[in-house]
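The structure under discussion appears below in the form of structure tokens.
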Amino acid sequence: MLSARAAASAAIRVAGRGRTSSSSLAAARRSAALLTNSASSPTTTTTRLFSNGTARALSSIAEPGPSLFNVPSSALMDKDGQKVGGVPEEKHNGIDTQLRADVRAMGSLLGKSDSSRRPREDSSSSLTAARRSAAAVLANNIASSPTTTSTTTRLFSRGTSRALSSIAEPGPSLFNVSASALDKDGRAVVGGVPEEKHNGIDTQLRADVRAMGSLLGKIITEHEGPEIFDKVEKMRSLAKEWREAGAGRNPSLRSDADSAFSSMATFASSLSSSELFLISRAFTHFLALANAAESHHRCRKLRRAVTAEDSGIGALSTKRDSCGGVIPKLVAESGASAKEIWEALSSQTVELVLTAHPTQVNRTTLLDKQKRIQELLNEADFDRDAGLVTPYRKKDIDDCLQMIISGIWQSDEVARQKPTPIVEAERGVMVIESVLWETLPNFLRKLDATMKDSLGDEYGLPLTATPIKIASWMGGDRDGNPNVTPSVTREVCLSNRAKCASLIAADVRVIINKLSITNCSDELRTIVGEDVQEPYRHFLYQVEKKLKRTAAWARDELENVHAGRPGGEPAEDIYLKKSDLIDELMLVHRSLCETGNEIIADRMMTNVIRNVSAFGLTLVPLDVRQESDRHEEALDCVTRHLGLGSYAQWDEPTRLSWLQKELSSHRPLLRPGEWDHHTELFTPTAVDTLETFRMIADQHEDSLGAYVISQATSASDVLAVLLLQRDAGVKEPLRVVPLFETLDDLHGAADTMDTLFGLPAYKGSIGGKQEVMIGYSDSAKDAGRLAASWAQYETQEKLAEVASKHSVDITFFHGKGGTVGRGGNPATFNAILAHAPDTINGYFRVTEQGEMINQNFGFHDRAERTLDIYTAAVLSEKLTDRPRPTAEWRDVMKKLSDVSCDAYRAVVRGDERFVPYFRSATPELELSSLNIGSRPAKRKATGGVESLRAIPWNFSWTQTRLNLPTWLGVGEAIGEVLNGDDGETLRTMYEEWGSFQTTVDLVEMVLAKSEPGIAAHYDRVLVKDDRAKELGTHVRKIHAETEDTVLDLTGHECLSEYDTLLRQMMQVRNPYVDCLNVLQVETLDRLRSTEDEAEQKKLSDALLTTITGVANGMGNTG
């Protein structure tokens, strides 16, 4: 039910605009009176509201600057909150101060609206009566709004103070914060010690985790029995003992630590296979609940910080990595004018590309339940902050929480089958439908307000500006995934069109229901006709019908794909071009503004216009990705079919000569489908490739984005795709994006692109623009993190220089994963500013993969924060001067890169013990049974580590807590330079060069999250070969030396010394993850030795549960 103030605002909007007259002024006063009567009496019409002249003041409609947040000085309350206009409030017949302010604000707005009517509007009595009627109808909504707000005298029930990790809290509730845990200043005190001595974990976060953990413990006891619960607690207590004894890192307590760990391992070995599974589930679900609480708490702290900040307007945070902080700082410090900042922000774009990389280990059904938990935490926050916690409300929220956690425990957390590419695409789109469709335009509204506040009212965000775009690989990425076929891509494109048209149609329907204004611009009146009473509804109804026809057409085409029938011609009168719909929506917005309804235009039309600008008519354009070998194979079949010889055997100059000649010719190489009649020459994979290009030719505008060539190494790789598109009849060729992945590919990228830009056949086809993708995952897997980072930095610099030489605008597409080993960085703002200067230039395209999609966009508050950080970072990067590496620094980086690469490869490639060690000490061989992605773990069925994808490579080491790919080679390189002539230069680089500091800090963070003592346990139990065990001991020695070397460079006393949040969270999580690691080792050992199928099934479920749990505890997978 609408509040009094909201209903009156709605009444004012419905009243419309027109010329001032005595009759309309009287109608406005009568409307205000109706609102007043309704507000003060929920059930009956009040015959006499005011006495002693109060009515005159309350009924005023001439209040200057009307706002629902104004309480006039004459109505200020005394110290007891009772005084109104010099008379105690009860003497005013119970009319509350805020009610007086509400009615005065609404009446003033009504008067403002009435006095600013357009002269051309008809002031007939019927129209005036309609306005009075509308006001009266809307006023009825106020009837049930209480005139007073009850306050809760006691918000929190008493409880005992327990450790955050406990799952045995009695009477768990989201509203329990122990009274003994608060000192006189309201700070948390646990065990008599102020909260800051307890690692600064916020009181409410402690309470939330404690409540949910205790509910989980209660549910485990109810469903599995107290014996299982006691075993969970026993194992947790043993893990805590190990941690308290220094986890093997404190020499003076080594014997105590060894004893505690041995007891934990012995206890795990005593469990049955069923118990392994149940106890693993307990720890896994606790960590998932802790993740939900922590994610919510970050948003809670940000929300409260925004409302508490003195500067800014409270739209976006004023933190250094928020637009609310960056824009004012640029105004004050950058030397850029307001116009220059506005131009940069209005033209920049961050394009987030959602990919189906298999790193999300949690089932969708459980993610949905965890999302509902965060919603409940939000509700509890609201009730606490507003003082609305009643016994009923408290029980309602707590019961809902218990219901969800009970549902989680009784659900199967193990995915029983691999998702299809279609299912993956549907999951990807779900985050847009459920979160981003609402969050993106809301963020842009806040960005617009922040820009106006900092730069001036004339510098708001243009309506069709696209600071954020979303794209996808889901359904288009066929690199090494034979399950992504041409028909799959067709289906995903059509499904996305149908969903998008339906979403827009629903938004337009909401506007139609509200927009009953009768006057419009001459432009719109010409279109709808003079006889139409409600022009906006009439016009938008036609838009809605067209959108529904578009959705119906897409669904019909989907049926054709499913049935294997060829698609038909597009139906008449549907939307296929985004510009057509944008033009019509902008016409409505323009008409409203021209008739004095700017606020209505902004509140009703802005969000839908911005969504169409960002998402178009397809929700997300799909990139197509395929490896270069597939194009070579297809062209080889073509040239042999044409009697030209084998393309695969030609050298690079011969290939380039033939490709250019064919591109200059208008003669087709093949007729459509010709390959079907010559199966002896065209291999099945070549046919699939050629059919893919025919599918591309059939797609409508904006369905597809880029064509990415993985494993690109030469200019002919790019020209081949250009030729295959032309030969398939693609009218608007997709931009061709080479992906340079390995270290050698990165080093050769500049020469490759220089060759391409020098070819007239290519240069003339790209319109002066080129996109290049940088592979972070495979280059790090190939050469180690440090060497790969420097190669990526230098490659982008060199490519920018080459593009500038050829007058080409170059854009970089960054293929990053969630982990540091795959190019990820949790500090997104710092990561973007660490890129080489002059390589982003206002356009940043980056992949968002697997678990990072849910972490960054699974919930509204978190999604808004992510969009804010990206936008602020790209703006700051463009307008902030950053140090460039000197020649001396570059020499040092070259040495670091060479030494680290050699050290890394000496272990991974040069040591014959490594592959047996890797496959026995990690769950790599078992990861294929984890049904989290549609594609195989390897690009090719055969091959060793070199053929393994980067995700399972990193995933495996994350599970053992060794995280080897990120730090191996780093310590040797830093140590050699520190101990040489360039030692001081290296220290200066760390202090003064942000890019290098970011790289080192990331390695330090990973070292802080690593646990060599856990990795040693994997070796002891799982590695049967003595020589492989020796390698494990050697690797852990390198790990310890790397820790010492990094601390020497950074000057820190402990790893991640200033990252208190990381250290706090790992302290809380470590005992639970430790338990899961020990359970995983026991499970792997049994699984690898048993041949009993029933036992294997139990153990497989237990293993997959531990894998999920460790991933939840570490915060990422691969």
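Simple scheme: letters A, B, ... for chains in structure tokens order, numbers from 1 for residues in each chain, numbers from 1 for ligands in the order shown.
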
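All residues of protein, DNA or RNA that reach within 8 Å of Ala783 of chain A, judged by only C-alpha atoms and not counting those fewer than 4 positions away in the chain, are Thr742, Leu743, Ser779, Ala787, Ala788, Cys901, Tyr904 and Arg905 of chain A.
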
Store the residues picked out above, limited to N, CA and C atoms, as a short mmCIF file (atom, residue, chain, number, x, y, z; two decimals), in the first residue's frame.
data_model
loop_
_atom_site.label_atom_id
_atom_site.label_comp_id
_atom_site.auth_asym_id
_atom_site.auth_seq_id
_atom_site.Cartn_x
_atom_site.Cartn_y
_atom_site.Cartn_z
N THR A 742 50.12 -18.20 -26.04
CA THR A 742 51.37 -18.67 -25.45
C THR A 742 52.41 -17.55 -25.43
N LEU A 743 53.50 -17.80 -24.73
CA LEU A 743 54.56 -16.79 -24.65
C LEU A 743 55.10 -16.47 -26.04
N SER A 779 49.09 -18.33 -21.38
CA SER A 779 50.46 -17.80 -21.33
C SER A 779 51.06 -18.03 -19.95
N ALA A 787 56.63 -14.16 -15.93
CA ALA A 787 57.04 -14.00 -17.33
C ALA A 787 55.84 -13.66 -18.20
N ALA A 788 54.71 -14.30 -17.93
CA ALA A 788 53.51 -14.04 -18.73
C ALA A 788 53.03 -12.60 -18.53
N CYS A 901 60.86 -17.65 -16.02
CA CYS A 901 60.38 -18.59 -17.03
C CYS A 901 61.23 -19.86 -17.04
N TYR A 904 60.50 -21.89 -13.88
CA TYR A 904 59.17 -22.51 -13.97
C TYR A 904 59.21 -23.72 -14.92
N ARG A 905 59.75 -23.52 -16.09
CA ARG A 905 59.77 -24.60 -17.07
C ARG A 905 60.71 -25.73 -16.66
#

Task: Nearest residue to Gly407 of chain A from the set A:Arg1027, A:Thr988, A:Glu438, A:Lys369 (distances using only C-alpha atoms) - done: A:Lys369

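Atom CA of Asp583 of chain A lies 13.9 Å from atom CA of Gln542 of chain A.
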
- [ ] Please identify all polymer residues within 7 Å of segment 1009-1019 of chain A, counting only C-alpha atoms, omitting same-chain residues fewer than 2 positions from it, and present them as a VMD selection string.
- [x] chain A and resid 248 921 960 to 963 1005 to 1007 1021 to 1023 1029 1032 1036 1081

I need the residues of segment 679-796 of chain A that end up classed as alpha helix (DSSP H) by DSSP on the backbone, written out as a PDB file with C-alpha atoms, in the first residue's frame.
ATOM      1  CA  PRO A 684      33.330 -33.992 -40.600  1.00  0.00           C
ATOM      2  CA  THR A 685      35.164 -31.248 -38.690  1.00  0.00           C
ATOM      3  CA  ALA A 686      35.715 -29.271 -41.921  1.00  0.00           C
ATOM      4  CA  VAL A 687      31.998 -29.575 -42.713  1.00  0.00           C
ATOM      5  CA  ASP A 688      31.137 -28.319 -39.213  1.00  0.00           C
ATOM      6  CA  THR A 689      33.422 -25.320 -39.744  1.00  0.00           C
ATOM      7  CA  LEU A 690      31.914 -24.469 -43.130  1.00  0.00           C
ATOM      8  CA  GLU A 691      28.380 -24.870 -41.742  1.00  0.00           C
ATOM      9  CA  THR A 692      29.320 -22.494 -38.934  1.00  0.00           C
ATOM     10  CA  PHE A 693      30.119 -19.763 -41.432  1.00  0.00           C
ATOM     11  CA  ARG A 694      26.839 -20.417 -43.265  1.00  0.00           C
ATOM     12  CA  MET A 695      25.066 -20.041 -39.933  1.00  0.00           C
ATOM     13  CA  ILE A 696      26.829 -16.701 -39.390  1.00  0.00           C
ATOM     14  CA  ALA A 697      25.527 -15.496 -42.773  1.00  0.00           C
ATOM     15  CA  ASP A 698      21.933 -16.242 -41.669  1.00  0.00           C
ATOM     16  CA  ALA A 715      48.615 -13.334 -40.534  1.00  0.00           C
ATOM     17  CA  SER A 716      47.145 -16.137 -42.615  1.00  0.00           C
ATOM     18  CA  ASP A 717      45.128 -17.306 -39.584  1.00  0.00           C
ATOM     19  CA  VAL A 718      43.254 -14.001 -39.693  1.00  0.00           C
ATOM     20  CA  LEU A 719      42.856 -13.757 -43.467  1.00  0.00           C
ATOM     21  CA  ALA A 720      41.505 -17.326 -43.539  1.00  0.00           C
ATOM     22  CA  VAL A 721      38.524 -16.338 -41.377  1.00  0.00           C
ATOM     23  CA  LEU A 722      37.903 -13.224 -43.439  1.00  0.00           C
ATOM     24  CA  LEU A 723      37.809 -15.328 -46.613  1.00  0.00           C
ATOM     25  CA  LEU A 724      35.560 -18.012 -45.121  1.00  0.00           C
ATOM     26  CA  GLN A 725      33.064 -15.323 -44.045  1.00  0.00           C
ATOM     27  CA  ARG A 726      33.035 -13.740 -47.491  1.00  0.00           C
ATOM     28  CA  ASP A 727      32.637 -17.077 -49.232  1.00  0.00           C
ATOM     29  CA  ALA A 728      29.695 -17.989 -46.980  1.00  0.00           C
ATOM     30  CA  LEU A 743      54.555 -16.790 -24.647  1.00  0.00           C
ATOM     31  CA  ASP A 744      55.846 -17.256 -28.203  1.00  0.00           C
ATOM     32  CA  ASP A 745      52.520 -16.086 -29.644  1.00  0.00           C
ATOM     33  CA  LEU A 746      52.639 -12.936 -27.514  1.00  0.00           C
ATOM     34  CA  HIS A 747      56.216 -12.189 -28.546  1.00  0.00           C
ATOM     35  CA  GLY A 748      55.288 -12.561 -32.220  1.00  0.00           C
ATOM     36  CA  ALA A 749      51.953 -10.702 -32.077  1.00  0.00           C
ATOM     37  CA  ALA A 750      53.308  -7.288 -33.127  1.00  0.00           C
ATOM     38  CA  ASP A 751      55.020  -8.693 -36.227  1.00  0.00           C
ATOM     39  CA  THR A 752      51.857 -10.635 -37.137  1.00  0.00           C
ATOM     40  CA  MET A 753      49.651  -7.551 -36.954  1.00  0.00           C
ATOM     41  CA  ASP A 754      52.253  -5.395 -38.724  1.00  0.00           C
ATOM     42  CA  THR A 755      52.136  -7.853 -41.611  1.00  0.00           C
ATOM     43  CA  LEU A 756      48.334  -7.818 -41.663  1.00  0.00           C
ATOM     44  CA  PHE A 757      48.021  -4.029 -41.596  1.00  0.00           C
ATOM     45  CA  PRO A 760      45.723  -3.830 -48.739  1.00  0.00           C
ATOM     46  CA  ALA A 761      43.142  -6.638 -48.903  1.00  0.00           C
ATOM     47  CA  TYR A 762      43.003  -6.714 -45.122  1.00  0.00           C
ATOM     48  CA  LYS A 763      43.547  -3.058 -44.265  1.00  0.00           C
ATOM     49  CA  SER A 777      45.485 -18.217 -18.790  1.00  0.00           C
ATOM     50  CA  ASP A 778      47.505 -20.173 -21.315  1.00  0.00           C
ATOM     51  CA  SER A 779      50.458 -17.802 -21.330  1.00  0.00           C
ATOM     52  CA  ALA A 780      50.754 -18.160 -17.540  1.00  0.00           C
ATOM     53  CA  LYS A 781      50.450 -21.943 -17.836  1.00  0.00           C
ATOM     54  CA  ASP A 782      53.105 -21.884 -20.536  1.00  0.00           C
ATOM     55  CA  ALA A 783      55.695 -19.609 -18.899  1.00  0.00           C
ATOM     56  CA  ARG A 785      52.841 -15.867 -13.908  1.00  0.00           C
ATOM     57  CA  LEU A 786      55.714 -13.363 -13.819  1.00  0.00           C
ATOM     58  CA  ALA A 787      57.040 -13.997 -17.328  1.00  0.00           C
ATOM     59  CA  ALA A 788      53.509 -14.039 -18.730  1.00  0.00           C
ATOM     60  CA  SER A 789      52.599 -10.743 -17.019  1.00  0.00           C
ATOM     61  CA  TRP A 790      55.563  -8.919 -18.534  1.00  0.00           C
ATOM     62  CA  ALA A 791      54.936 -10.441 -21.960  1.00  0.00           C
ATOM     63  CA  GLN A 792      51.286  -9.322 -21.837  1.00  0.00           C
ATOM     64  CA  TYR A 793      52.337  -5.791 -20.821  1.00  0.00           C
ATOM     65  CA  GLU A 794      54.986  -5.439 -23.547  1.00  0.00           C
ATOM     66  CA  THR A 795      52.819  -7.046 -26.212  1.00  0.00           C
ATOM     67  CA  GLN A 796      50.039  -4.515 -25.697  1.00  0.00           C
TER      68      GLN A 796
END

TODO: For each of A:Gly567, A:Asn496, A:Leu316, A:His538, take the minimum atom-to-atom distance to Arg303 of chain A, counting only C-alpha atoms, then give the residue where this is smallest.
DONE: A:Leu316

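Residues within 10 Å of Leu585 of chain A, counting only C-alpha atoms and excluding same-chain residues fewer than 6 positions away, are Val508, Phe539, Leu540, Val543, Ser579, Met605, Thr606, Val608, Ile609 and Val612 of chain A.
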
Go ahead and save the residues from that selection, with all heavy atoms, as a PDB file, in the first residue's frame.
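Writing the result to part.pdb gives the following:
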ATOM      1  N   VAL A 508       7.476  -1.948 -21.318  1.00  0.00           N
ATOM      2  CA  VAL A 508       6.591  -1.020 -22.037  1.00  0.00           C
ATOM      3  C   VAL A 508       5.171  -1.122 -21.495  1.00  0.00           C
ATOM      4  O   VAL A 508       4.469  -0.110 -21.364  1.00  0.00           O
ATOM      5  CB  VAL A 508       6.632  -1.312 -23.552  1.00  0.00           C
ATOM      6  CG1 VAL A 508       5.550  -0.521 -24.287  1.00  0.00           C
ATOM      7  CG2 VAL A 508       8.004  -0.977 -24.125  1.00  0.00           C
ATOM      8  N   PHE A 539       0.372   5.100 -28.699  1.00  0.00           N
ATOM      9  CA  PHE A 539       1.622   4.879 -29.434  1.00  0.00           C
ATOM     10  C   PHE A 539       2.384   3.680 -28.867  1.00  0.00           C
ATOM     11  O   PHE A 539       2.861   2.805 -29.607  1.00  0.00           O
ATOM     12  CB  PHE A 539       2.487   6.139 -29.358  1.00  0.00           C
ATOM     13  CG  PHE A 539       3.776   6.042 -30.118  1.00  0.00           C
ATOM     14  CD1 PHE A 539       3.807   6.222 -31.489  1.00  0.00           C
ATOM     15  CD2 PHE A 539       4.970   5.776 -29.451  1.00  0.00           C
ATOM     16  CE1 PHE A 539       4.996   6.133 -32.200  1.00  0.00           C
ATOM     17  CE2 PHE A 539       6.164   5.676 -30.151  1.00  0.00           C
ATOM     18  CZ  PHE A 539       6.168   5.859 -31.530  1.00  0.00           C
ATOM     19  N   LEU A 540       2.502   3.629 -27.551  1.00  0.00           N
ATOM     20  CA  LEU A 540       3.280   2.556 -26.927  1.00  0.00           C
ATOM     21  C   LEU A 540       2.578   1.203 -27.026  1.00  0.00           C
ATOM     22  O   LEU A 540       3.243   0.162 -26.999  1.00  0.00           O
ATOM     23  CB  LEU A 540       3.573   2.895 -25.463  1.00  0.00           C
ATOM     24  CG  LEU A 540       4.592   4.027 -25.257  1.00  0.00           C
ATOM     25  CD1 LEU A 540       4.677   4.398 -23.782  1.00  0.00           C
ATOM     26  CD2 LEU A 540       5.968   3.625 -25.777  1.00  0.00           C
ATOM     27  N   VAL A 543       3.931  -0.259 -30.041  1.00  0.00           N
ATOM     28  CA  VAL A 543       5.293  -0.743 -29.781  1.00  0.00           C
ATOM     29  C   VAL A 543       5.236  -2.090 -29.067  1.00  0.00           C
ATOM     30  O   VAL A 543       5.953  -3.030 -29.420  1.00  0.00           O
ATOM     31  CB  VAL A 543       6.076   0.285 -28.935  1.00  0.00           C
ATOM     32  CG1 VAL A 543       7.427  -0.291 -28.496  1.00  0.00           C
ATOM     33  CG2 VAL A 543       6.279   1.581 -29.710  1.00  0.00           C
ATOM     34  N   SER A 579      18.091   0.270 -33.574  1.00  0.00           N
ATOM     35  CA  SER A 579      17.854   1.695 -33.817  1.00  0.00           C
ATOM     36  C   SER A 579      16.382   1.993 -34.047  1.00  0.00           C
ATOM     37  O   SER A 579      15.896   3.080 -33.684  1.00  0.00           O
ATOM     38  CB  SER A 579      18.681   2.161 -35.015  1.00  0.00           C
ATOM     39  OG  SER A 579      18.364   1.404 -36.171  1.00  0.00           O
ATOM     40  N   MET A 605      10.746   6.650 -18.838  1.00  0.00           N
ATOM     41  CA  MET A 605      11.325   6.224 -20.106  1.00  0.00           C
ATOM     42  C   MET A 605      12.837   5.946 -20.053  1.00  0.00           C
ATOM     43  O   MET A 605      13.353   5.170 -20.847  1.00  0.00           O
ATOM     44  CB  MET A 605      11.071   7.290 -21.183  1.00  0.00           C
ATOM     45  CG  MET A 605       9.604   7.546 -21.477  1.00  0.00           C
ATOM     46  SD  MET A 605       8.713   6.059 -22.016  1.00  0.00           S
ATOM     47  CE  MET A 605       9.642   5.586 -23.462  1.00  0.00           C
ATOM     48  N   THR A 606      13.524   6.587 -19.128  1.00  0.00           N
ATOM     49  CA  THR A 606      14.990   6.507 -19.138  1.00  0.00           C
ATOM     50  C   THR A 606      15.496   5.079 -18.994  1.00  0.00           C
ATOM     51  O   THR A 606      16.396   4.643 -19.731  1.00  0.00           O
ATOM     52  CB  THR A 606      15.576   7.384 -18.013  1.00  0.00           C
ATOM     53  OG1 THR A 606      15.283   8.755 -18.310  1.00  0.00           O
ATOM     54  CG2 THR A 606      17.073   7.211 -17.915  1.00  0.00           C
ATOM     55  N   VAL A 608      14.147   2.111 -19.651  1.00  0.00           N
ATOM     56  CA  VAL A 608      13.941   1.221 -20.796  1.00  0.00           C
ATOM     57  C   VAL A 608      14.816   1.636 -21.973  1.00  0.00           C
ATOM     58  O   VAL A 608      15.354   0.784 -22.695  1.00  0.00           O
ATOM     59  CB  VAL A 608      12.450   1.162 -21.186  1.00  0.00           C
ATOM     60  CG1 VAL A 608      11.957   2.484 -21.756  1.00  0.00           C
ATOM     61  CG2 VAL A 608      12.207   0.040 -22.191  1.00  0.00           C
ATOM     62  N   ILE A 609      15.021   2.934 -22.155  1.00  0.00           N
ATOM     63  CA  ILE A 609      15.913   3.390 -23.234  1.00  0.00           C
ATOM     64  C   ILE A 609      17.337   2.925 -22.972  1.00  0.00           C
ATOM     65  O   ILE A 609      18.033   2.446 -23.876  1.00  0.00           O
ATOM     66  CB  ILE A 609      15.851   4.924 -23.368  1.00  0.00           C
ATOM     67  CG1 ILE A 609      14.479   5.355 -23.917  1.00  0.00           C
ATOM     68  CG2 ILE A 609      16.967   5.441 -24.275  1.00  0.00           C
ATOM     69  CD1 ILE A 609      14.252   6.847 -23.887  1.00  0.00           C
ATOM     70  N   VAL A 612      17.668  -0.846 -23.641  1.00  0.00           N
ATOM     71  CA  VAL A 612      17.727  -1.172 -25.070  1.00  0.00           C
ATOM     72  C   VAL A 612      19.075  -0.747 -25.647  1.00  0.00           C
ATOM     73  O   VAL A 612      19.656  -1.445 -26.482  1.00  0.00           O
ATOM     74  CB  VAL A 612      16.563  -0.509 -25.838  1.00  0.00           C
ATOM     75  CG1 VAL A 612      16.698  -0.751 -27.335  1.00  0.00           C
ATOM     76  CG2 VAL A 612      15.229  -1.053 -25.332  1.00  0.00           C
TER      77      VAL A 612
END

Open item on the list: Quick one: residues within 12 Å of Gly1051 of chain A, only C-alpha atoms, excluding same-chain residues fewer than 4 positions away - as a list in words?
Closed with: Arg987, Tyr990, Glu991, Asp1001, Glu1004, Glu1043, Asp1044, Thr1045, Val1046, Leu1047, Leu1055, Ser1056, Glu1057 and Tyr1058 of chain A

Quick one: DSSP strand (DSSP E) residues in segment 419-489 of chain A, as a CSV table (one decimal) with N, CA, C and O atoms, in the first residue's frame?
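What landed in part.csv:
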chain,number,residue,atom,x,y,z
A,468,ILE,N,28.4,0.6,-20.0
A,468,ILE,CA,28.5,-0.8,-19.8
A,468,ILE,C,27.8,-1.6,-20.9
A,468,ILE,O,26.6,-1.2,-21.3
A,469,LYS,N,28.4,-2.6,-21.4
A,469,LYS,CA,27.8,-3.5,-22.4
A,469,LYS,C,28.0,-5.0,-21.9
A,469,LYS,O,29.0,-5.2,-21.2
A,470,ILE,N,27.1,-5.9,-22.3
A,470,ILE,CA,27.3,-7.3,-22.0
A,470,ILE,C,27.3,-8.1,-23.2
A,470,ILE,O,26.5,-7.9,-24.1
A,471,ALA,N,28.3,-9.0,-23.4
A,471,ALA,CA,28.3,-9.9,-24.5
A,471,ALA,C,28.5,-11.3,-23.9
A,471,ALA,O,28.5,-11.5,-22.7
A,472,SER,N,28.6,-12.3,-24.8
A,472,SER,CA,28.6,-13.7,-24.3
A,472,SER,C,29.4,-14.6,-25.2
A,472,SER,O,29.4,-14.4,-26.5

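Of the residues under consideration (A:Glu632, A:Thr828, A:Glu1093, A:Asp702), A:Thr828 shows the shortest atom-to-atom contact distance to Arg865 of chain A when counting only C-alpha atoms.
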
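You will find atom CA of Gln1067 of chain A at 15.9 Å from atom CA of Ala288 of chain A.
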
TODO: Considering only C-alpha atoms, state which residue in the set A:Cys1054, A:Val326, A:Met212, A:Ser274 is at the smallest distance from Ala1094 of chain A.
DONE: A:Ser274

Open item on the list: I want to know what sits within 9 Å of segment 523-532 of chain A, based on only C-alpha atoms, with residues of the same chain fewer than 4 positions away left out; could you give that as a PyMOL selection string?
Closed with: chain A and resi 518-519+536+538-539+587-588+591
